[in-house]
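Student: Questions regarding the structure given below will be posed in turn.
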Amino acid sequence: MRVARTLRREHVVLSGTAQPAPGPGEALVRVHTVTLCGTDLHIWEDDYATELPIVQGHEIAGVVETAPPGAEVNLGDRVVVSPMRWCGECHACRIGRMNACRSSSCLGVYTDGGLAELIAVPATDLYRIPDTLPTGLAPLAEPASIAMQAVLRGRPEPGERALVLGCGPIGLLATLHLTSLGVEVTCVDVDADRVAFARRFGAVRTAVAGEATGPEPSLVIEASGSPAAFGAALDAVATAGRVVLVGISDRSVTLSMRTLPVKDVDVLGSRNSQRRMGEALALLAAHPEATAALVTHRLPMDRVDEAFALLRAADELVGKVAIDVVDTVHERLTAPAGRTGVPA
Ligand SMILES: [Zn+2]
Ligand SMILES: [Zn+2]
């Protein structure tokens with residue numbers, strides 16, 4: 001089978017390797033599509049706590065090729081893979097917050113991942129894709145689960161106003177989720193095109209960073225990873241409001257000791273997701289137009305380097321970049337109608 005291995009900085013090579021042999025409890029999945037994110041870009045640039053070479057890809061959809069006895073998925077099921085691994089023993093795991101596991105790991109980040117024709121994964125990590133959601137869009141369930149985790153951490157209430165800072169995929173998916181919960185969302189980004197794009201995910205108001213953002217929000221989701229945006233979030237949020245930080249940066253912020261106590265504000269960190277892949281698939285299936293719009297670029301498996309260059313350059317509007325691991329041209333010609341799910 002073919003795998004796309006990131007051998008060294010900015011260099012992915014396609015090669016042949018033996019098929020993985022599923023262990024006890026594992027299913028074999030024929031990978032259809034992998035979508036890429038910022039973490040993938042850092043790994044590709046060799047600017048991440050990962051040792052190269054590695055097979056990247058943690059946002060994965062495919063079709064079950066073999067399933068272990070007693071599994072809830074069957075041969076031929078279209079599935080997404082939950083890539084998170086946790087220890088089950090640390091404080092976070094013991095209180096059910098495995099998303100914050102002290103020694104968590106992730107398929108395609110610390111161990112070989114989805115940019116391969118076949119992968120062996122625990123059958124319990126597989127989630128069946130709803131009938132109406134194309135396989136080629138289903139990997140978005142992974143970033144959607146992270147966005148939903150951040151939203152739910154903020155305890156959203158229908159009818160309240162939220163501000164989302166950063167209109168990358170996590171900010172846009174958070175906007176989609178908030179809107180579906182009846183929250184009125186204003187989106188902000190430094191890029192005017194991204195801000196305009198946020199309307200397609202339900203934002204009722206948008207602003208370029210620095211412009212006025214309208215009525216005071218009681219909930220702010222910070223999804224840009226910019227220290228300036230953290231300051232903007234604390235300025236904007238209502239007293240007794242909530243600020244959720246899901247954007248990550250190594251940079252520092254300076255904060256007055258007055259801000260948090262005087263505003264009586266909850267500042268909450270959010271990381272990964274607590275097994276929300278099923279909920280995320282349902283969100284995507286309920287919003288087919290926004291889901292399709294988010295994947296702005298689609299490339300075959302032998303053009304992974306090009307996909308990363310596209311993500312980094314961002315000189316055009318780049319939402320998510322998808323890599324089709326299956327030969328979609330071949331699949332369109334040979335698969336029975338209704339089985340391909342590859343958008344035009
Ligand atoms: Zn990711
Ligand atoms: Zn743990």
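Residue numbers start at 1 in each chain; chains themselves are named A, B, ... in the order of the structure tokens; ligands are numbered from 1 in the order shown.
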Please write out the residues within 10 Å of ligand 2 as a list of chain:residue names, counting only C-alpha atoms and all ligand atoms.
Tutor: A:Arg85, A:Trp86, A:Cys87, A:Gly88, A:Glu89, A:Cys90, A:His91, A:Ala92, A:Cys93, A:Arg94, A:Ile95, A:Gly96, A:Arg97, A:Met98, A:Asn99, A:Ala100, A:Cys101, A:Arg102, A:Ser103, A:Ser104, A:Ser105
Student: Taking only C-alpha atoms and all ligand atoms and a cut-off of 8 Å, can you tell me which residues surround ligand 1, written as a list in words?
Tutor: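 If we count only C-alpha atoms and all ligand atoms, the neighbours of ligand 1 turn out to be Leu36, Cys37, Gly38, Thr39, Asp40, His58, Glu59, Glu142 and Pro143 of chain A.
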Student: Which is closer to Leu234 (chain A) than all the others in A:Leu133, A:Val204, A:Leu268, A:Leu281, using only C-alpha atoms?
Tutor: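 Ranked by minimum distance to Leu234 (chain A), first place goes to A:Leu268.
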Student: Which residues, written as a PyMOL selection string, have at least one atom at most 7 Å from Ala240 (chain A), with only C-alpha atoms counted and residues fewer than 4 positions away on the same chain left out?
Tutor: chain A and resi 263-265
Student: Please produce an output containing C-alpha atoms for each residue in the selection, written as a short mmCIF file (atom, residue, chain, number, x, y, z; two decimals), in the first residue's frame.
Tutor:
data_model
loop_
_atom_site.label_atom_id
_atom_site.label_comp_id
_atom_site.auth_asym_id
_atom_site.auth_seq_id
_atom_site.Cartn_x
_atom_site.Cartn_y
_atom_site.Cartn_z
CA LYS A 263 -14.74 42.12 35.81
CA ASP A 264 -15.56 38.96 37.80
CA VAL A 265 -14.87 37.12 34.56
#
Student: Just checking: using only C-alpha atoms, which residue out of A:Arg153, A:Asp250, A:Ser15, A:Val321 ends up closest to Val267 (chain A)?
Tutor: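 Closest candidate: A:Arg153.
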Student: Would you return as a list of chain:residue names the members of region 11-134 of chain A that DSSP assigns to helix (DSSP H, G or I) on this structure's backbone?
Tutor: A:Gly38, A:Thr39, A:Asp40, A:Leu41, A:His42, A:Ile43, A:Trp44, A:His91, A:Ala92, A:Cys93, A:Arg94, A:Met98, A:Asn99, A:Ala100, A:Ala123, A:Thr124, A:Asp125
Student: When distances are computed from only C-alpha atoms, which of A:Thr17, A:Thr33, A:Thr254, A:Ser273 shows the smallest separation from Leu140 (chain A)?
Tutor: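 Ranked by minimum distance to Leu140 (chain A), first place goes to A:Thr33.
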Student: How would you write, as a ChimeraX atom specification, the set of residues in region 197-304 of chain A that DSSP gives as strand (DSSP E or B)?
Tutor: /A:205-208,219-222,242-245,266-269,295-300
Student: Those residues with C-alpha atoms, as a CSV table (one decimal), in the first residue's frame please?
Tutor:
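again-v3.csv, written as the output of this step:
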chain,number,residue,atom,x,y,z
A,205,ARG,CA,-22.2,40.8,12.5
A,206,THR,CA,-18.5,40.9,11.5
A,207,ALA,CA,-15.6,43.3,12.1
A,208,VAL,CA,-12.0,43.6,11.0
A,219,LEU,CA,-19.2,35.0,25.9
A,220,VAL,CA,-16.0,35.4,23.9
A,221,ILE,CA,-14.3,32.5,22.1
A,222,GLU,CA,-10.6,33.3,21.4
A,242,ARG,CA,-16.9,34.1,30.1
A,243,VAL,CA,-13.8,34.0,27.8
A,244,VAL,CA,-12.7,30.7,26.3
A,245,LEU,CA,-9.2,30.4,24.9
A,266,ASP,CA,-14.3,33.4,33.9
A,267,VAL,CA,-11.3,32.7,31.8
A,268,LEU,CA,-11.4,29.1,30.5
A,269,GLY,CA,-8.8,27.1,28.6
A,295,VAL,CA,-13.1,22.8,2.3
A,296,THR,CA,-11.6,25.4,-0.1
A,297,HIS,CA,-8.9,23.2,-1.6
A,298,ARG,CA,-8.7,19.5,-2.5
A,299,LEU,CA,-5.6,17.7,-3.7
A,300,PRO,CA,-4.5,14.1,-4.4
Student: Between A:Ala285, A:Val164, A:Ala141, A:Leu172, which is the closest to Ala233 (chain A) once you count only C-alpha atoms?
Tutor: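 Among A:Ala285, A:Val164, A:Ala141, A:Leu172, it is A:Val164 that comes nearest to Ala233 (chain A).
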